[in-house]
>>> print(open('structure09.cif').read())   # mmCIF, C-alpha atoms and all ligand atoms
data_input
#
loop_
_atom_site.label_atom_id
_atom_site.label_comp_id
_atom_site.auth_asym_id
_atom_site.auth_seq_id
_atom_site.Cartn_x
_atom_site.Cartn_y
_atom_site.Cartn_z
CA MET A 1 -20.18 149.12 188.14
CA PRO A 2 -20.24 146.66 185.25
CA TYR A 3 -19.75 148.46 181.99
CA VAL A 4 -21.71 147.59 178.88
CA GLU A 5 -19.63 146.81 175.90
CA LYS A 6 -20.72 144.87 172.86
CA LEU A 7 -19.11 141.41 172.91
CA ALA A 8 -17.06 140.48 169.84
CA LEU A 9 -19.35 137.49 169.47
CA PHE A 10 -22.09 139.97 168.54
CA GLY A 11 -20.02 142.27 166.38
CA GLY A 12 -18.00 144.24 168.97
CA GLU A 13 -14.29 144.89 168.67
CA PRO A 14 -12.19 141.85 169.79
CA GLU A 15 -9.76 142.53 172.66
CA ILE A 16 -6.99 140.45 171.07
CA PRO A 17 -6.35 140.98 167.36
CA ALA A 18 -6.07 137.82 165.24
CA GLY A 19 -2.50 136.53 164.93
CA THR A 20 -1.35 137.97 168.29
CA ILE A 21 -0.89 134.65 170.13
CA LYS A 22 2.35 132.95 169.22
CA ALA A 23 2.49 129.27 168.38
CA TRP A 24 3.98 126.56 170.56
CA PRO A 25 6.68 125.41 170.74
CA LEU A 26 9.33 127.88 169.79
CA ILE A 27 11.71 126.41 167.19
CA THR A 28 15.21 127.86 167.07
CA GLU A 29 18.51 127.07 165.42
CA VAL A 30 19.22 124.82 168.42
CA ASP A 31 16.32 122.54 167.47
CA GLU A 32 17.39 122.65 163.83
CA ALA A 33 20.97 121.73 164.72
CA TYR A 34 19.97 118.78 166.92
CA VAL A 35 17.48 117.38 164.43
CA LEU A 36 19.71 117.90 161.39
CA ALA A 37 22.61 116.20 163.13
CA SER A 38 20.36 113.24 163.87
CA LEU A 39 19.13 113.16 160.29
CA ARG A 40 22.70 113.15 159.02
CA GLY A 41 23.64 110.40 161.47
CA ALA A 42 23.58 106.68 160.79
CA ASN A 43 20.96 105.45 163.26
CA HIS A 44 17.40 106.71 162.95
CA ALA A 45 15.86 104.04 165.16
CA PHE A 46 16.91 103.85 168.85
CA GLY A 47 20.02 105.93 168.21
CA PRO A 48 22.52 107.98 170.22
CA ASN A 49 20.05 110.82 170.81
CA CYS A 50 17.71 108.36 172.55
CA VAL A 51 20.46 107.24 174.91
CA ALA A 52 21.48 110.85 175.58
CA PHE A 53 17.87 111.98 176.06
CA GLU A 54 17.32 109.31 178.72
CA LYS A 55 20.43 110.41 180.59
CA GLU A 56 19.70 114.14 180.33
CA PHE A 57 16.04 113.81 181.32
CA ALA A 58 16.89 111.55 184.29
CA GLU A 59 19.41 114.19 185.44
CA TRP A 60 16.98 117.05 184.90
CA ASN A 61 14.22 115.34 186.87
CA GLY A 62 16.42 113.73 189.51
CA ASN A 63 15.65 110.09 188.69
CA ALA A 64 18.06 107.16 188.69
CA TYR A 65 16.56 105.76 185.46
CA ALA A 66 14.64 107.07 182.46
CA ILE A 67 13.44 105.18 179.39
CA THR A 68 12.43 107.13 176.30
CA THR A 69 9.17 106.01 174.72
CA ASN A 70 7.01 106.83 171.72
CA SER A 71 4.24 108.25 173.96
CA GLY A 72 3.25 109.04 177.51
CA THR A 73 0.63 106.31 177.25
CA ALA A 74 3.33 103.74 176.48
CA ALA A 75 5.24 104.90 179.56
CA LEU A 76 2.05 104.54 181.65
CA HIS A 77 1.52 100.98 180.41
CA MET A 78 5.14 100.23 181.33
CA CYS A 79 4.44 101.56 184.84
CA VAL A 80 1.46 99.25 185.27
CA ALA A 81 3.41 96.21 184.06
CA ALA A 82 6.53 97.08 186.06
CA CYS A 83 4.47 97.34 189.27
CA ASP A 84 3.61 93.63 188.98
CA CYS A 85 -0.08 94.21 188.36
CA SER A 86 -1.76 91.05 187.02
CA GLU A 87 -5.01 90.22 185.26
CA GLY A 88 -8.02 91.17 187.34
CA ASP A 89 -6.06 93.28 189.82
CA GLU A 90 -7.59 96.65 190.65
CA ILE A 91 -5.82 99.95 190.17
CA ILE A 92 -7.21 103.15 191.66
CA VAL A 93 -7.26 106.23 189.43
CA THR A 94 -8.90 109.65 189.31
CA ALA A 95 -12.32 110.00 187.69
CA TYR A 96 -11.20 113.04 185.70
CA SER A 97 -8.19 112.93 183.39
CA TRP A 98 -7.04 112.03 179.93
CA SER A 99 -8.47 108.67 178.83
CA SER A 100 -5.15 106.85 178.85
CA SER A 101 -4.55 107.61 182.54
CA ALA A 102 -7.07 104.78 182.93
CA THR A 103 -6.93 102.79 179.66
CA CYS A 104 -3.28 101.98 180.49
CA ILE A 105 -4.80 99.84 183.26
CA LEU A 106 -6.85 97.92 180.69
CA HIS A 107 -3.74 97.48 178.54
CA HIS A 108 -2.50 95.16 181.26
CA ASN A 109 -5.84 93.39 181.80
CA CYS A 110 -6.35 95.14 185.11
CA ILE A 111 -9.49 96.84 186.40
CA PRO A 112 -9.72 100.62 186.88
CA ILE A 113 -11.39 101.80 190.08
CA PHE A 114 -12.35 105.45 189.82
CA VAL A 115 -12.25 107.95 192.66
CA ASP A 116 -13.93 111.35 192.43
CA ILE A 117 -11.86 114.54 192.37
CA ASP A 118 -11.35 117.28 194.91
CA TRP A 119 -13.01 120.49 193.69
CA GLU A 120 -10.22 122.83 194.70
CA THR A 121 -7.20 120.96 193.29
CA MET A 122 -9.09 119.14 190.50
CA ASN A 123 -6.93 116.11 191.37
CA ILE A 124 -8.01 112.78 192.83
CA ASP A 125 -9.64 113.34 196.24
CA VAL A 126 -6.96 111.78 198.43
CA ASN A 127 -9.44 111.51 201.29
CA LYS A 128 -11.56 109.10 199.23
CA ILE A 129 -8.76 106.74 198.17
CA ALA A 130 -8.80 104.51 201.26
CA ALA A 131 -12.50 103.70 200.81
CA ALA A 132 -11.78 102.43 197.26
CA ILE A 133 -9.17 99.89 198.38
CA THR A 134 -10.19 96.20 198.27
CA PRO A 135 -8.18 92.98 198.63
CA LYS A 136 -7.72 93.13 194.81
CA THR A 137 -6.07 96.58 194.83
CA LYS A 138 -2.45 96.57 193.61
CA ALA A 139 -1.64 100.17 192.75
CA ILE A 140 -2.75 103.79 192.69
CA ILE A 141 -2.24 105.98 189.64
CA VAL A 142 -2.02 109.61 190.69
CA VAL A 143 -2.42 112.14 187.89
CA HIS A 144 -0.76 115.49 188.57
CA LEU A 145 -3.43 117.16 186.51
CA HIS A 146 -2.95 120.50 184.79
CA GLY A 147 0.55 120.58 186.32
CA LEU A 148 -0.45 120.53 190.01
CA ALA A 149 1.01 117.66 192.05
CA VAL A 150 -1.27 115.42 194.06
CA ASP A 151 -0.70 115.54 197.84
CA MET A 152 1.86 112.74 197.78
CA ASP A 153 2.35 112.60 201.55
CA LYS A 154 -1.20 111.40 201.94
CA VAL A 155 -1.03 109.03 198.95
CA MET A 156 2.25 107.42 200.00
CA ALA A 157 1.00 106.98 203.58
CA ILE A 158 -2.09 105.11 202.31
CA ALA A 159 0.00 103.09 199.83
CA ASN A 160 2.55 102.09 202.46
CA GLN A 161 -0.17 101.10 204.88
CA HIS A 162 -1.76 98.79 202.28
CA GLY A 163 1.36 97.61 200.44
CA LEU A 164 0.39 99.33 197.17
CA LYS A 165 2.54 100.68 194.38
CA VAL A 166 2.13 104.32 193.32
CA ILE A 167 2.37 105.31 189.67
CA GLU A 168 2.69 109.00 188.82
CA ASP A 169 1.00 110.20 185.64
CA ALA A 170 3.17 113.28 185.23
CA CYS A 171 2.28 113.68 181.56
CA GLN A 172 1.20 117.29 182.14
CA ALA A 173 3.42 118.09 185.08
CA HIS A 174 7.04 118.57 183.97
CA GLY A 175 8.87 120.41 186.73
CA ALA A 176 5.90 120.55 189.13
CA LYS A 177 6.92 120.00 192.73
CA PHE A 178 5.44 118.75 195.97
CA ASN A 179 7.28 119.74 199.16
CA GLY A 180 10.26 120.76 197.03
CA LYS A 181 10.52 117.45 195.14
CA LYS A 182 9.81 117.07 191.45
CA VAL A 183 6.96 114.86 190.27
CA GLY A 184 8.21 111.55 188.93
CA THR A 185 10.45 111.15 191.99
CA LEU A 186 7.65 110.83 194.54
CA GLY A 187 6.04 107.46 193.77
CA HIS A 188 7.48 104.13 192.59
CA CYS A 189 7.59 105.09 188.91
CA GLY A 190 6.12 107.67 186.57
CA ALA A 191 5.30 108.72 183.05
CA PHE A 192 5.83 111.97 181.15
CA SER A 193 4.41 112.96 177.76
CA PHE A 194 6.24 115.00 175.13
CA ASN A 195 3.28 115.34 172.84
CA GLN A 196 2.72 118.58 170.87
CA ASN A 197 0.90 120.46 173.64
CA LYS A 198 3.18 119.50 176.49
CA ASN A 199 5.69 121.80 178.18
CA LEU A 200 8.41 119.61 176.75
CA CYS A 201 7.35 118.93 173.16
CA SER A 202 9.01 116.53 170.76
CA GLY A 203 5.95 116.17 168.53
CA GLU A 204 4.99 112.87 170.15
CA GLY A 205 6.95 110.91 172.72
CA GLY A 206 7.26 110.16 176.40
CA MET A 207 9.53 109.09 179.23
CA PHE A 208 9.26 106.37 181.85
CA VAL A 209 11.09 107.24 185.09
CA THR A 210 11.93 105.36 188.27
CA ASP A 211 14.59 105.11 190.96
CA ASP A 212 14.08 101.36 191.38
CA GLU A 213 16.35 99.11 189.33
CA GLU A 214 13.99 96.13 189.36
CA ILE A 215 11.05 98.27 188.23
CA MET A 216 13.24 99.76 185.48
CA ARG A 217 14.24 96.26 184.29
CA LYS A 218 10.62 95.11 184.04
CA ALA A 219 9.58 98.29 182.26
CA ARG A 220 12.40 97.89 179.72
CA MET A 221 11.22 94.38 178.85
CA LEU A 222 7.72 95.56 178.08
CA TRP A 223 9.16 98.50 176.13
CA SER A 224 11.15 96.45 173.63
CA PHE A 225 9.70 93.09 172.57
CA GLY A 226 10.14 91.41 175.97
CA GLU A 227 13.92 91.54 175.57
CA THR A 228 16.35 92.06 178.42
CA ARG A 229 18.83 94.17 176.44
CA THR A 230 18.37 97.55 174.83
CA PRO A 231 19.12 98.17 171.14
CA SER A 232 22.33 99.94 172.13
CA GLU A 233 23.59 96.70 173.73
CA SER A 234 24.37 93.34 172.16
CA ARG A 235 20.90 91.81 171.76
CA ASP A 236 19.94 88.13 171.69
CA TYR A 237 16.50 88.91 170.16
CA HIS A 238 14.81 86.61 172.67
CA ALA A 239 11.37 87.48 174.03
CA TYR A 240 11.66 86.64 177.71
CA ALA A 241 8.25 88.09 178.45
CA LEU A 242 5.34 89.70 176.65
CA GLY A 243 6.64 92.88 175.13
CA TRP A 244 5.43 95.75 172.99
CA MET A 245 7.37 98.15 170.82
CA TYR A 246 7.32 101.42 172.73
CA ARG A 247 10.80 102.69 171.85
CA ASN A 248 11.46 106.25 170.76
CA ASN A 249 13.39 107.10 167.59
CA ASP A 250 16.50 109.22 167.16
CA LEU A 251 14.96 112.22 165.34
CA THR A 252 12.24 112.67 167.94
CA ALA A 253 14.72 112.27 170.79
CA ALA A 254 16.98 114.89 169.16
CA PHE A 255 14.04 117.32 169.06
CA GLY A 256 13.22 116.52 172.69
CA ARG A 257 16.84 117.09 173.76
CA ALA A 258 16.87 120.50 172.08
CA GLN A 259 13.64 121.53 173.82
CA LEU A 260 14.96 120.24 177.15
CA THR A 261 17.75 122.84 176.99
CA ARG A 262 15.01 125.51 177.32
CA LEU A 263 12.54 123.74 179.59
CA ASP A 264 13.50 125.55 182.81
CA MET A 265 13.28 128.91 181.06
CA TYR A 266 9.87 127.98 179.58
CA LEU A 267 8.55 126.98 183.01
CA ASP A 268 9.80 130.14 184.74
CA TRP A 269 8.30 132.30 182.03
CA GLN A 270 4.97 130.49 182.25
CA LYS A 271 4.90 130.93 186.01
CA ARG A 272 5.45 134.67 185.66
CA ASN A 273 2.73 134.90 183.01
CA VAL A 274 0.26 133.12 185.25
CA GLN A 275 1.13 135.30 188.27
CA MET A 276 0.44 138.38 186.16
CA LEU A 277 -2.78 136.99 184.75
CA ALA A 278 -4.05 135.81 188.14
CA ALA A 279 -3.41 139.26 189.66
CA GLN A 280 -5.39 140.92 186.88
CA LEU A 281 -8.27 138.46 187.12
CA GLN A 282 -8.86 139.03 190.84
CA GLY A 283 -12.45 140.10 191.33
CA VAL A 284 -13.85 139.05 187.95
CA PRO A 285 -17.50 138.27 188.69
CA ASN A 286 -18.51 134.60 188.78
CA LEU A 287 -15.05 133.41 187.82
CA ILE A 288 -13.26 130.81 189.94
CA LEU A 289 -9.47 130.88 189.60
CA PRO A 290 -7.16 127.87 190.08
CA VAL A 291 -5.17 127.53 193.31
CA GLU A 292 -1.65 126.54 194.24
CA PRO A 293 -1.92 125.05 197.74
CA ALA A 294 0.95 125.45 200.24
CA GLY A 295 3.78 123.01 199.58
CA HIS A 296 2.94 122.76 195.87
CA GLU A 297 4.74 124.28 192.93
CA HIS A 298 2.37 124.34 189.95
CA ASN A 299 3.87 124.22 186.46
CA TRP A 300 0.73 125.89 185.04
CA TYR A 301 0.57 123.58 182.03
CA ASN A 302 -3.11 124.39 181.85
CA TYR A 303 -4.59 127.49 183.52
CA VAL A 304 -8.10 126.31 184.34
CA LEU A 305 -10.96 128.74 184.79
CA ARG A 306 -14.29 127.73 186.24
CA PHE A 307 -17.57 129.57 186.21
CA ASP A 308 -19.93 129.83 189.17
CA MET A 309 -22.99 128.48 187.43
CA GLU A 310 -25.16 128.63 190.55
CA ALA A 311 -24.51 132.36 190.90
CA LEU A 312 -25.02 132.82 187.16
CA GLY A 313 -28.38 131.02 187.36
CA HIS A 314 -27.21 128.28 185.00
CA ALA A 315 -26.76 125.30 187.32
CA GLN A 316 -29.21 123.30 185.22
CA ASP A 317 -27.66 124.03 181.82
CA ALA A 318 -24.08 124.56 183.01
CA ASN A 319 -22.43 122.66 180.17
CA ALA A 320 -24.27 124.54 177.43
CA PHE A 321 -23.81 127.94 179.10
CA ARG A 322 -20.10 127.25 179.66
CA ASP A 323 -19.80 126.57 175.92
CA LYS A 324 -21.38 129.97 175.24
CA ILE A 325 -18.90 131.71 177.54
CA VAL A 326 -15.99 129.94 175.82
CA GLN A 327 -17.38 130.93 172.43
CA ALA A 328 -17.57 134.54 173.59
CA MET A 329 -14.00 134.44 174.89
CA ARG A 330 -12.76 132.93 171.64
CA ALA A 331 -14.49 135.68 169.69
CA GLU A 332 -12.50 138.17 171.82
CA GLY A 333 -9.32 136.39 170.69
CA VAL A 334 -8.74 134.35 173.87
CA GLU A 335 -7.63 130.86 172.94
CA ALA A 336 -9.88 129.30 175.56
CA GLY A 337 -11.03 125.72 175.18
CA VAL A 338 -12.82 122.94 176.96
CA TRP A 339 -10.51 120.11 177.89
CA GLN A 340 -12.31 116.91 178.94
CA ARG A 341 -16.05 116.92 178.31
CA PHE A 342 -16.56 113.52 179.94
CA ILE A 343 -15.50 112.11 183.27
CA LEU A 344 -13.63 108.86 182.67
CA PRO A 345 -16.15 106.37 184.12
CA THR A 346 -18.84 107.63 181.72
CA MET A 347 -16.68 106.94 178.68
CA THR A 348 -18.02 104.08 176.56
CA VAL A 349 -14.89 101.97 176.92
CA PHE A 350 -15.53 101.70 180.68
CA GLN A 351 -19.33 101.64 180.63
CA ALA A 352 -19.33 98.81 178.05
CA LYS A 353 -16.87 96.76 180.15
CA ASN A 354 -15.68 94.96 177.03
CA ALA A 355 -12.19 96.11 176.09
CA TYR A 356 -10.96 92.89 174.46
CA GLY A 357 -14.20 91.06 173.65
CA TYR A 358 -16.00 88.52 175.83
CA GLY A 359 -16.17 91.23 178.47
CA ALA A 360 -12.42 91.14 179.14
CA PRO A 361 -10.78 92.15 181.39
CA TRP A 362 -13.85 92.65 183.65
CA SER A 363 -15.00 89.06 182.91
CA SER A 364 -11.69 87.61 184.15
CA PRO A 365 -12.10 84.93 186.84
CA HIS A 366 -9.53 86.95 188.80
CA ALA A 367 -11.66 90.11 188.74
CA GLN A 368 -14.50 91.08 191.03
CA PRO A 369 -17.57 93.04 189.89
CA VAL A 370 -17.16 96.81 189.82
CA ASP A 371 -19.67 99.63 189.54
CA TYR A 372 -19.08 102.66 187.32
CA SER A 373 -22.39 104.43 187.89
CA PRO A 374 -21.77 108.11 187.16
CA GLU A 375 -23.54 109.45 190.29
CA GLN A 376 -20.46 108.40 192.28
CA TYR A 377 -18.42 111.23 190.76
CA PRO A 378 -20.46 114.45 191.22
CA VAL A 379 -17.43 116.71 191.71
CA GLY A 380 -15.72 115.48 188.54
CA GLN A 381 -18.96 115.98 186.62
CA LYS A 382 -19.43 119.50 187.95
CA HIS A 383 -15.86 120.33 186.99
CA CYS A 384 -16.42 118.88 183.49
CA ASP A 385 -19.45 121.08 182.99
CA THR A 386 -18.07 124.35 184.32
CA HIS A 387 -14.43 124.61 183.25
CA ALA A 388 -12.53 126.29 180.47
CA CYS A 389 -8.81 126.18 179.93
CA LEU A 390 -6.03 128.45 178.77
CA VAL A 391 -3.04 126.50 177.52
CA MET A 392 -1.05 128.08 174.72
CA MET A 393 -1.68 131.69 175.76
CA VAL A 394 0.42 131.39 178.92
CA ARG A 395 3.31 129.73 177.10
CA TYR A 396 6.58 131.28 176.05
CA PRO A 397 7.06 133.57 174.14
CA ASN A 398 3.62 135.05 174.90
CA GLY A 399 4.26 137.60 177.63
CA PRO A 400 2.91 140.49 179.75
CA GLU A 401 1.15 142.25 176.89
CA ILE A 402 -0.82 139.11 176.02
CA MET A 403 -1.63 138.54 179.71
CA GLU A 404 -3.06 142.05 179.90
CA MET A 405 -5.14 141.58 176.78
CA THR A 406 -6.33 138.17 177.98
CA ALA A 407 -7.39 139.57 181.34
CA ALA A 408 -9.20 142.47 179.64
CA ALA A 409 -11.05 140.04 177.37
CA ILE A 410 -12.11 137.83 180.25
CA TRP A 411 -13.30 140.85 182.28
CA LYS A 412 -15.26 142.02 179.27
CA VAL A 413 -17.03 138.70 178.74
CA MET A 414 -17.83 138.15 182.40
CA GLU A 415 -19.04 141.73 182.99
CA ASN A 416 -21.24 141.62 179.91
CA ILE A 417 -22.43 138.07 180.36
CA ASP A 418 -26.08 139.12 180.17
CA GLN A 419 -25.55 139.42 176.44
CA LEU A 420 -25.17 135.60 176.33
CA ALA A 421 -28.51 134.87 177.97
C1 LIG B 1 -2.79 113.37 182.03
C2 LIG B 1 -2.33 112.68 180.78
N1 LIG B 1 -2.03 111.38 180.84
C3 LIG B 1 -1.59 110.71 179.76
C4 LIG B 1 -1.46 111.33 178.54
C5 LIG B 1 -1.00 110.55 177.36
O1 LIG B 1 0.17 111.05 176.80
P1 LIG B 1 0.49 110.73 175.26
O2 LIG B 1 -0.46 111.51 174.43
O3 LIG B 1 1.91 111.15 175.09
O4 LIG B 1 0.32 109.26 175.10
C6 LIG B 1 -1.75 112.69 178.43
C7 LIG B 1 -1.57 113.40 177.15
O5 LIG B 1 -2.38 113.89 176.50
C8 LIG B 1 -2.22 113.38 179.57
O6 LIG B 1 -2.56 114.67 179.50
#
>>> encode(input="structure09.cif", output="structure tokens")
Amino acid sequence: MPYVEKLALFGGEPEIPAGTIKAWPLITEVDEAYVLASLRGANHAFGPNCVAFEKEFAEWNGNAYAITTNSGTAALHMCVAACDCSEGDEIIVTAYSWSSSATCILHHNCIPIFVDIDWETMNIDVNKIAAAITPKTKAIIVVHLHGLAVDMDKVMAIANQHGLKVIEDACQAHGAKFNGKKVGTLGHCGAFSFNQNKNLCSGEGGMFVTDDEEIMRKARMLWSFGETRTPSESRDYHAYALGWMYRNNDLTAAFGRAQLTRLDMYLDWQKRNVQMLAAQLQGVPNLILPVEPAGHEHNWYNYVLRFDMEALGHAQDANAFRDKIVQAMRAEGVEAGVWQRFILPTMTVFQAKNAYGYGAPWSSPHAQPVDYSPEQYPVGQKHCDTHACLVMMVRYPNGPEIMEMTAAAIWKVMENIDQLA
């Protein structure tokens, strides 16, 4: 029987006292030592920590090459360029992700083609990719969203059949696996983010990874002014191709290296937290829990809850009612949030089809007309309107006690949801 308890939103006692959730990431004397040593060193630009970070991350992930960047977005742009995508070429991408999973396509004057998501995995619906392929298609960007890998067997089979490159947006998916292999080793190249919220945090930053020497060479040119040599080599300062300045700096790399020493421990801890939380949330009314399909190892970067708005009688005002539920959870002390409120194709940058003026790149003579009408992505839209996410709460050093309190708070809100009507 549901019990009636006054929600904290309306003056009841919160389940989780203020100040209980610990901040991310943990900073120890290891971080201080790495960063101080860098600060006291002689090279604060692309210094020795950058070179070491590339080597250590490549080893950790199992890649032949890694290039440290100033963001995950930079690494994504490098992927697009290194896969020989040219102006007007089409690149397939999920309809639901962070904006730069798709704006990186525009950065190289290419055309994003959006594919709706699969409800269960929240990732691109791999069964809809083939229908989106045209003679202009050059690549597929798979986003391992929330830390769950895309079914790469299916994606690689389609890509091989059509001669396409596969770019992995692994910005949220450090350590996630598909059939025992880590993300970033499954496609032709990939991108990681080390931004504040990520499982490996260096403040900002990213990493480009590949096992293909030619792809690595092309990515490096874009990364550093179109040059063929890195700053740790003897440079000729010649721009051989169009380049940007996407290099990382020594202080940030030092911070990233220090965090990398704890990454496996963080991920194990997070997995245990989520197992505990999931067990305690079994049976919560009208709550849909995330899944980890067979063959996948989730990293649980983002533990995504969804609400059954049909059962709750709020199918028509799902977005607004979801916001109320999140507000009620937050009042209980749960650090719940809403991640993306818009599916990508509805974002103005894509609807306006005018990234660089004069309608470019969609107006390119090499491009063909594309349609971004939102009705094509009903699953992504439903997900947008009905989800909430738990990110920091499941992170180290938050542990079993916090999981228990979180579960109790969620039970309380969902069992007393009538109070939100
Ligand atoms: C899925 C995804 N792709 C790309 C990015 C971009 O990473 P960054 O913020 O490091 O540029 C992010 C980060 O927020 C992300 O979550």
>>> closest_atom_pairs(input="structure09.cif", of="chain A", to="ligand LIG 1 (chain B)", cutoff="7 Å", atoms="all atoms listed in the file", output="Markdown table")
| residue | atom | partner | partner_atom | distance |
| --- | --- | --- | --- | --- |
| A:Ser71 | CA | B:LIG1 | O3 | 3.9 |
| A:Gly72 | CA | B:LIG1 | O3 | 3.5 |
| A:Thr73 | CA | B:LIG1 | O4 | 3.7 |
| A:Ala74 | CA | B:LIG1 | O4 | 6.4 |
| A:Ser97 | CA | B:LIG1 | C1 | 5.6 |
| A:Trp98 | CA | B:LIG1 | C2 | 4.8 |
| A:Ser100 | CA | B:LIG1 | C3 | 5.3 |
| A:Ser101 | CA | B:LIG1 | N1 | 4.8 |
| A:Val143 | CA | B:LIG1 | C1 | 6.0 |
| A:Leu145 | CA | B:LIG1 | C1 | 5.9 |
| A:Asp169 | CA | B:LIG1 | N1 | 5.8 |
| A:Ala170 | CA | B:LIG1 | C1 | 6.8 |
| A:Cys171 | CA | B:LIG1 | C2 | 4.8 |
| A:Gln172 | CA | B:LIG1 | O6 | 5.3 |
| A:Ser193 | CA | B:LIG1 | O3 | 4.1 |
| A:Phe194 | CA | B:LIG1 | O3 | 5.8 |
| A:Asn195 | CA | B:LIG1 | O3 | 4.9 |
| A:Glu204 | CA | B:LIG1 | O3 | 6.1 |
| A:Gly205 | CA | B:LIG1 | O3 | 5.6 |
| A:Gly206 | CA | B:LIG1 | O3 | 5.6 |
>>> atom_distance(input="structure09.cif", atom1="CA of Gly190 in chain A", atom2="CA of Asp84 in chain A")
14.5 Å
>>> atom_distance(input="structure09.cif", atom1="CA of Thr228 in chain A", atom2="CA of Met78 in chain A")
14.2 Å
>>> closest_atom_pairs(input="structure09.cif", of="range 7-105 of chain A", to="range 381-402 of chain A", cutoff="7 Å", atoms="all atoms listed in the file", output="JSON lines")
{"residue": "A:Ile21", "atom": "CA", "partner": "A:Met393", "partner_atom": "CA", "distance": 6.4}
{"residue": "A:Lys22", "atom": "CA", "partner": "A:Asn398", "partner_atom": "CA", "distance": 6.2}
{"residue": "A:Trp24", "atom": "CA", "partner": "A:Met392", "partner_atom": "CA", "distance": 6.7}
>>> atom_distance(input="structure09.cif", atom1="CA of Ala176 in chain A", atom2="CA of Val274 in chain A")
14.3 Å
>>> residues_around(input="structure09.cif", residues="Val370 in chain A", least_positions_apart="4", cutoff="9 Å", atoms="all atoms listed in the file", output="list in words")
Ile111, Pro112, Ile113 and Trp362 of chain A
>>> write_last_selection(input="structure09.cif", atoms="C-alpha atoms", output="short mmCIF file (atom, residue, chain, number, x, y, z; two decimals), in the frame of the given file")
data_model
loop_
_atom_site.label_atom_id
_atom_site.label_comp_id
_atom_site.auth_asym_id
_atom_site.auth_seq_id
_atom_site.Cartn_x
_atom_site.Cartn_y
_atom_site.Cartn_z
CA ILE A 111 -9.49 96.84 186.40
CA PRO A 112 -9.72 100.62 186.88
CA ILE A 113 -11.39 101.80 190.08
CA TRP A 362 -13.85 92.65 183.65
#
>>> residues_near_point(input="structure09.cif", point="(-4.7, 143.1, 181.4)", cutoff="10 Å", atoms="only C-alpha atoms", output="ChimeraX atom specification")
/A:276-281,400-411
>>> residues_around(input="structure09.cif", residues="Asn160 in chain A", least_positions_apart="3", cutoff="12 Å", atoms="all atoms listed in the file", output="JSON, numbers by chain")
{"A": [130, 138, 139, 140, 152, 153, 154, 155, 156, 157, 163, 164, 165, 166, 187, 188]}
>>> write_last_selection(input="structure09.cif", atoms="C-alpha atoms", output="compact mmCIF listing (two decimals), keeping the file's coordinate frame")
# COMPACT_ATOMS: atom_id res chain seq x y z
CA ALA A 130 -8.80 104.51 201.26
CA LYS A 138 -2.45 96.57 193.61
CA ALA A 139 -1.64 100.17 192.75
CA ILE A 140 -2.75 103.79 192.69
CA MET A 152 1.86 112.74 197.78
CA ASP A 153 2.35 112.60 201.55
CA LYS A 154 -1.20 111.40 201.94
CA VAL A 155 -1.03 109.03 198.95
CA MET A 156 2.25 107.42 200.00
CA ALA A 157 1.00 106.98 203.58
CA GLY A 163 1.36 97.61 200.44
CA LEU A 164 0.39 99.33 197.17
CA LYS A 165 2.54 100.68 194.38
CA VAL A 166 2.13 104.32 193.32
CA GLY A 187 6.04 107.46 193.77
CA HIS A 188 7.48 104.13 192.59
>>> residues_near_point(input="structure09.cif", point="(-2.3, 118.1, 190.8)", cutoff="9 Å", atoms="all atoms listed in the file", output="ChimeraX atom specification")
/A:121-124,142-151,173,176,296,298
>>> residues_around(input="structure09.cif", residues="Asn199 in chain A", least_positions_apart="5", cutoff="8 Å", atoms="all atoms listed in the file", output="ChimeraX atom specification")
/A:172,174,194,263,266-267,301
>>> closest_residue(input="structure09.cif", among="A:Val304, A:Met309, A:Val209, A:Val93", to="Val338 in chain A", atoms="only C-alpha atoms")
A:Val304
>>> residues_around(input="structure09.cif", residues="His366 in chain A", least_positions_apart="4", cutoff="12 Å", atoms="only C-alpha atoms", output="MDAnalysis selection string")
chainID A and resid 85:90 109:111 135:137 360:362
>>> residues_around(input="structure09.cif", residues="Asn127 in chain A", least_positions_apart="6", cutoff="10 Å", atoms="all atoms listed in the file", output="list in words")
Val115, Asp116, Ile117, Asp118, Lys154, Val155 and Ile158 of chain A
